[in-house]
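Notes for the one structure printed next.
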Amino acid sequence: NIQEKSYTYTNYTFFFFFGVYVCEFRYTYRSYSKPLPMVFKKKKKGREIPSELGDEEKKQLYKQVFDILAPQINKINGLMVFHDQMVKCFTKNLRMLVYPLEKKEPLWRDHMVALNKLLDRMTILDALKDMKGQVKNDFAFYKRAFSFVRNILPNATDLMSEITGIHNFLNDPTRPYHIILFHMKEDIRQVPHKEELFAALMYQALSDLNGHTYLSPVEKHGLYRCLLACMYLVDDSECNVFKGGKFIPIKEVRNILRKVPYITIYLDCTTRTELMLQLCEHYSNSMESDWNSKKNAMFYNLVNWRVRIQEEYTSFAADFVTLLQELRCVNSDEQIPLPLLQRTYEVMLQGIKHVGDWTCHVQEQVVFKANNPIDASKYATFGGKGGKAEVYEQITRYNYENELKYAMVEIIGLIKGLSNLILENESFVRPVLARYVHEQLQEFAHNTLLHPLYRSHKKKRGPQRHVAEDTSGHCRLL
């Protein structure tokens with residue numbers, strides 16, 4: 001049903017963009033309880049004794065603490081509710097692929113891309129929940145204050161049930177880590193053809209990686225996270241994802257992930273691929289060599305990418321300057337031909353992809369060095385003196401060879417140079433790109449939609465015809 005798919009896609013869009021906000025909130029969350037006063041004080045021996053406060057003074061202090069922490073705990077409660085809604089949204093969208101799969105119809109590519117993005121967003125939330133410990137500390141402080149002031153609160157019963165739910169979300173004894181992905185796995189357990197559906201999602205992620213449809217490092221790392229999440233969700237007592245079986249492209253996935261031992265989660269938060277694989281039921285330590293390549297250091301080393309990036313920069317700069325010259329040669333009273341419009345779009349797209357690729361190589365090099373500091377003997381040889389700066393010096397100061405430093409400086413310079421080249425000509429190229437988008441929309445409205453509009457009118461399919469007519473009308477107005 002076209003209308004149902006349109007509604008579901010809109011619903012996904014809301015969850016995805018609101019998920020971006022939730023990830024930012026979770027990443028930037030800082031402890032509110034740390035600067036608050038404590039009712040208890042410690043002696044030198046570490047034994048806690050009550051402070052010299054009366055009962056009324058303690059209640060007043062706890063009430064102030066409760067009022068300060070309540071808005072932050074409400075945000076955590078919102079995160080819990082939001083994760084539950086995201087799980088339901090993902091399951092509903094996944095079930096929509098069952099019917100075309102059973103009818104052996106082609107699956108909607110945009111729908112699968114949307115599912116992969118939603119799954120990636122939930123993987124980020126799941127990881128950030130476990131990486132940041134300030135929330136649990138604030139919640140413990142909040143519970144303690146609530147126990148003292150519950151008698152004077154009018155909605156104590158509702159707050160108690162809310163506190164119980166948040167406690168199970170943050171500190172579930174049966175599932176202390178990765179509870180969001182665990183809830184998703186439980187929710188999709190009864191989905192028919194689950195193995196085939198996740199195999200389709202994995203094929204889509206592999207296609208996007210191999211076809212270079214991503215633009216930024218965030219999108220590329222999101223595809224890696226999506227592959228790992230799909231492996232965890234499909235691996236259960238009925239399906240051993242590491243054997244692949246009839247549907248799972250395990251060899252292709254292994255060839256991709258074995259070159260990526262470290263995956264960026266969000267900004268500077270990273271994790272090891274091996275830790276994500278260990279969540280799967282059928283993973284064993286004997287598989288470590290199959291999922292880890294010995295050439296990772298060479299793959300991450302920017303020195304090995306230096307010549308290729310230089311050649312790409314030179315080639316793109318020549319193509320871009322030639323394109324600008326061709327566009328300037330077109331008279332102002334003439335219309336730019338469609339082939340030149342298309343070439344402008346392709347060249348600009350390639351330039352943005354180059355910037356994203358080179359930035360990704362720099363980020364991956366930094367992440368690799370951060371997870372592989374120099375050992376103590378080399379640190380002492382380079383003149384390390386220990387102290388507070390020891391960790392920084394082992395990871396950054398003494399961990400980069402001179403040749404690598406030169407390569408990194410040059411590549412960063414090429415990234416900035418290419419970005420400035422594009423931005424300086426943005427005002428000239430923008431109208432050309434807008435014209436190309438307009439032409440493509442008109443082609444879609446007048447030709448591509450013509451056949452489905454004719455078929456829906458002939459077969460008297462009202463909903464499909466209305467959707468096609470509305471889409472065509474909106475495209476003509478643009």
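By convention in this document, the chains of the structure tokens carry letters A, B, ... by their order, each chain's residues are numbered from 1, and ligands are numbered from 1 in the order they are shown.
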_Sel. of alpha helix (DSSP H) residues, region 192-416 of chain A, as a PyMOL selection string_ = chain A and resi 194-210+217-234+250-257+273-277+296-300+306-329+338-371+376-381+390-392+402-416
*Which distance in Å separates CA of Thr264 (chain A) and CA of Gly387 (chain A), to one decimal?*
28.6 Å
*Considering only C-alpha atoms, return as a list in words whatever protein or nucleic-acid residues lie within 12 Å of Asn425 (chain A), sequence-local ones (same chain, fewer than 3 positions apart) excluded.*
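Final neighbour list, sorted by chain and number: Phe320, Val321, Leu323, Leu324, Gln325, Leu327, Met348, Leu418, Ser419, Asn420, Leu421, Ile422, Phe428, Val429, Arg430, Pro431 and Val432 of chain A.
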Restricted to C-alpha atoms, what would the selected residues look like written as a CSV table (one decimal), in the first residue's frame?
chain,number,residue,atom,x,y,z
A,320,PHE,CA,36.6,21.1,-11.6
A,321,VAL,CA,38.5,24.0,-13.3
A,323,LEU,CA,33.9,22.4,-15.7
A,324,LEU,CA,33.9,26.0,-14.5
A,325,GLN,CA,35.4,27.1,-17.8
A,327,LEU,CA,30.0,26.8,-17.7
A,348,MET,CA,30.4,18.2,-7.4
A,418,LEU,CA,39.5,21.1,-1.8
A,419,SER,CA,36.8,22.4,0.6
A,420,ASN,CA,37.9,26.0,0.0
A,421,LEU,CA,37.9,25.4,-3.8
A,422,ILE,CA,34.3,24.2,-3.7
A,428,PHE,CA,28.4,30.2,-9.2
A,429,VAL,CA,27.6,26.4,-9.2
A,430,ARG,CA,24.6,26.5,-6.9
A,431,PRO,CA,22.1,27.9,-9.6
A,432,VAL,CA,23.4,25.2,-12.0
*Using only C-alpha atoms, which of A:Leu118, A:Leu453, A:Ser315, A:Asp55 sits nearest Phe17 (chain A)?*
A:Leu118
*Residue neighbourhood Val22 (chain A), 8 Å, only C-alpha atoms, exclusion window fewer than 3 positions, as a ChimeraX atom specification*: /A:18-19,25-26,79,125
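Proximity to Leu275 (chain A) was assessed for A:Asp187, A:Glu56, A:Glu288, A:Asp236 counting only C-alpha atoms; the smallest distance is recorded for A:Glu288.
Restricting the calculation to only C-alpha atoms, the smallest distance between Pro106 (chain A) and any of A:Leu228, A:Lys385, A:Ala200, A:Asn285 is found for A:Ala200.
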*For Leu181 (chain A), work out the shell of residues within 8 Å, counting only C-alpha atoms and skipping chain neighbours fewer than 2 positions away, then give it as a ChimeraX atom specification.*
/A:122-123,126,178-179,183-185,229,233
